[in-house]
Amino acid sequence: MSGERSFVLGQYGEEKTSAFLQLIGWFPRHSNISIPCINKEHRNLKDAEKRSHGEDVIYATQNNFNPRYMDVMHIQVKNQDSYPKKSDLKNKIYKAFHELDNTIQCAKSNQDIVSYIKRARGSLFIPKLNHIGLLVMVSENVQDGKINLLDELEEYDSPRGLESNMLLVDQMQINFILDSIGVAKILYKNAIIQYFCTSTTLSLSQRLEKSTKEMPYSYLTSGCLPIKIQQENKQGLVLFVNDNFTEENFERYINRGLSFLNGWGIFLNIGFRNYEMHKHNKIVADVLTLYKDRLTTYEISAFCSNPIDVVRNQHD
């Protein structure tokens with residue numbers, strides 16, 4: 001790939017990523033920062049001593065699940081004409097993780113970034129910082145939106161020798177999140193739509209449940225996106241799932257959704273991209289017989305979350 005083409009793709013990838021982060025509530029952010037390298041062990045492509053690192057995007061926020069932590073997300077964007085071939089994929093991803101880890105090592109003491117984190121923290125007392133690397137791999141190839149990169153890696157292990165935790169978000173996951181948010185806005189036009197989160201660090205009696213306009217970073221790699229819907233006369237939970245509709249999956253997500261509801265909502269709606277009412281309604285009815293005692297409190301249903309079908313049904 002020519003240098004000019006690579007630059008254009010990189011810039012376009014950053015613009016797409018910025019729009020995506022804005023949509024999931026990640027702002028204010030700090031972007032395009034040059035960080036002097038302070039570690040002589042960091043090398044460039046010519047194996048010479050690295051002089052600087054580039055931060056595409058950095059975002060700091062209080063952890064939605066554990067208020068004792070502030071998450072500092074270091075985001076590196078890789079936009080390509082198409083994904084690397086399978087034989088090269090693991091090596092390229094691991095190499096990008098190591099580059100990002102080196103950037104984080106030098107960023108932790110960079111005064112520009114330290115000042116940004118202080119502004120993000122504000123008056124909050126948050127004793128612990130959790131620095132996380134987020135590698136965003138997007139592609140201009142439409143078919144790549146159907147590829148799960150972690151599945152392609154087959155035997156994936158977290159690279160050794162890294163100081164920070166690393167997350168990988170690919171085009172398929174971004175499409176899943178964008179489609180889920182879009183469908184929620186179509187189906188619940190006049191509702192307050194937020195991400196639902198439950199603390200996992202507290203005892204059951206102390207469990208903190210809340211909703212937020214800011215997506216928790218853990219949802220970026222999850223196949224289940226819980227959305228809280230608040231309408232004038234009722235509120236409930238919609239689970240968007242990246243699994244196919246089956247009897248087993250429907251029952252599994254009902255159990256998960258009911259554990260989230262915990263008495264605050266009155267409906268649970270579970271969206272599968274491949275759900276077909278005429279084909280799957282008997283399975284839904286059979287599964288719901290197992291929950292007949294819960295149906296006196298909750299409305300439970302399944303729906304198709306494929307945005308094309310949702311839009312089509314809205315205009316039928």
# chains A, B, ... in the order shown; residues from 1 in each chain; ligands from 1
>>> residues_around(residues="range 45-58 of chain A", least_positions_apart="3", cutoff="9 Å", atoms="only C-alpha atoms", output="count of residues only")
30
>>> select_by_dssp(residues="range 25-211 of chain A", states="strand (DSSP E or B)", output="number ranges by chain")
A: 30-36, 43, 49, 52-62, 69-80, 128-139, 165-170, 192-198, 209-211
>>> write_last_selection(atoms="C-alpha atoms", output="tab-separated table (two decimals), in the first residue's frame")
chain	number	residue	atom	x	y	z
A	30	HIS	CA	-8.24	13.71	23.73
A	31	SER	CA	-6.98	12.95	20.22
A	32	ASN	CA	-3.85	12.85	18.07
A	33	ILE	CA	-1.21	13.29	20.78
A	34	SER	CA	2.52	12.90	20.18
A	35	ILE	CA	4.23	11.39	23.22
A	36	PRO	CA	8.02	11.52	23.62
A	43	ARG	CA	12.35	0.35	18.96
A	49	GLU	CA	15.56	3.84	19.37
A	52	SER	CA	7.95	9.29	20.03
A	53	HIS	CA	4.61	7.48	20.13
A	54	GLY	CA	1.31	8.57	18.64
A	55	GLU	CA	-1.94	8.32	20.60
A	56	ASP	CA	-4.91	8.24	18.21
A	57	VAL	CA	-7.49	8.71	20.96
A	58	ILE	CA	-7.45	8.65	24.75
A	59	TYR	CA	-10.59	8.57	26.88
A	60	ALA	CA	-10.81	8.55	30.70
A	61	THR	CA	-13.92	7.92	32.77
A	62	GLN	CA	-15.06	6.48	36.08
A	69	TYR	CA	-11.45	2.80	39.38
A	70	MET	CA	-10.95	5.29	36.59
A	71	ASP	CA	-10.57	3.62	33.21
A	72	VAL	CA	-8.06	5.24	30.89
A	73	MET	CA	-8.63	3.91	27.38
A	74	HIS	CA	-5.74	4.22	24.92
A	75	ILE	CA	-7.22	3.71	21.46
A	76	GLN	CA	-5.24	2.76	18.38
A	77	VAL	CA	-7.07	2.69	15.05
A	78	LYS	CA	-6.05	0.42	12.17
A	79	ASN	CA	-8.09	1.03	9.00
A	80	GLN	CA	-7.31	-1.08	5.93
A	128	LYS	CA	-6.98	3.71	41.11
A	129	LEU	CA	-6.23	4.18	37.42
A	130	ASN	CA	-6.82	1.28	35.05
A	131	HIS	CA	-4.91	1.81	31.78
A	132	ILE	CA	-6.36	-0.29	28.96
A	133	GLY	CA	-5.32	-0.63	25.33
A	134	LEU	CA	-8.10	-0.73	22.74
A	135	LEU	CA	-7.12	-1.82	19.23
A	136	VAL	CA	-9.82	-0.90	16.70
A	137	MET	CA	-9.42	-2.78	13.41
A	138	VAL	CA	-11.79	-1.54	10.73
A	139	SER	CA	-11.88	-2.41	7.06
A	165	ASN	CA	-4.71	-5.26	29.31
A	166	MET	CA	-5.61	-5.22	25.62
A	167	LEU	CA	-8.98	-5.33	23.87
A	168	LEU	CA	-9.67	-5.94	20.19
A	169	VAL	CA	-12.73	-4.50	18.46
A	170	ASP	CA	-13.29	-5.46	14.83
A	192	ILE	CA	-34.95	7.40	27.17
A	193	ILE	CA	-32.43	4.86	25.89
A	194	GLN	CA	-29.39	4.04	28.04
A	195	TYR	CA	-26.90	1.24	28.68
A	196	PHE	CA	-27.79	-0.87	31.70
A	197	CYS	CA	-25.00	-1.91	34.04
A	198	THR	CA	-24.82	-3.80	37.31
A	209	GLU	CA	-27.68	-1.02	39.38
A	210	LYS	CA	-27.79	1.97	37.11
A	211	SER	CA	-28.04	3.06	33.53
>>> atom_distance(atom1="CA of Phe303 in chain A", atom2="CA of Gly271 in chain A")
4.9 Å
>>> residues_around(residues="Phe272 in chain A", least_positions_apart="3", cutoff="8 Å", atoms="only C-alpha atoms", output="list in words")
Phe240, Val241, Asn242, Asp243, Asn244, Phe245, Tyr275, Ala302, Phe303, Cys304, Ser305 and Asn306 of chain A
>>> closest_residue(among="A:Glu248, A:Asp112, A:Asp144, A:Glu152", to="Asp88 in chain A", atoms="only C-alpha atoms")
A:Glu152
>>> select_by_dssp(residues="range 33-114 of chain A", states="helix (DSSP H, G or I)", output="MDAnalysis selection string")
chainID A and resid 86:107 111:114
>>> closest_residue(among="A:Ser164, A:Thr289, A:Ser259, A:Asn175", to="Asp101 in chain A", atoms="only C-alpha atoms")
A:Ser164
>>> residues_around(residues="Phe20 in chain A", least_positions_apart="2", cutoff="12 Å", atoms="only C-alpha atoms", output="list in words")
Gly13, Glu14, Glu15, Lys16, Thr17, Ser18, Gln22, Leu23, Ile24, Gly25, Trp26, Phe27, Val77, Val136, Val138, Val169, Gln171, Gln173, Ile174, Asn175, Phe176, Ile177, Leu178, Asp179, Ile181, Met215 and Leu220 of chain A
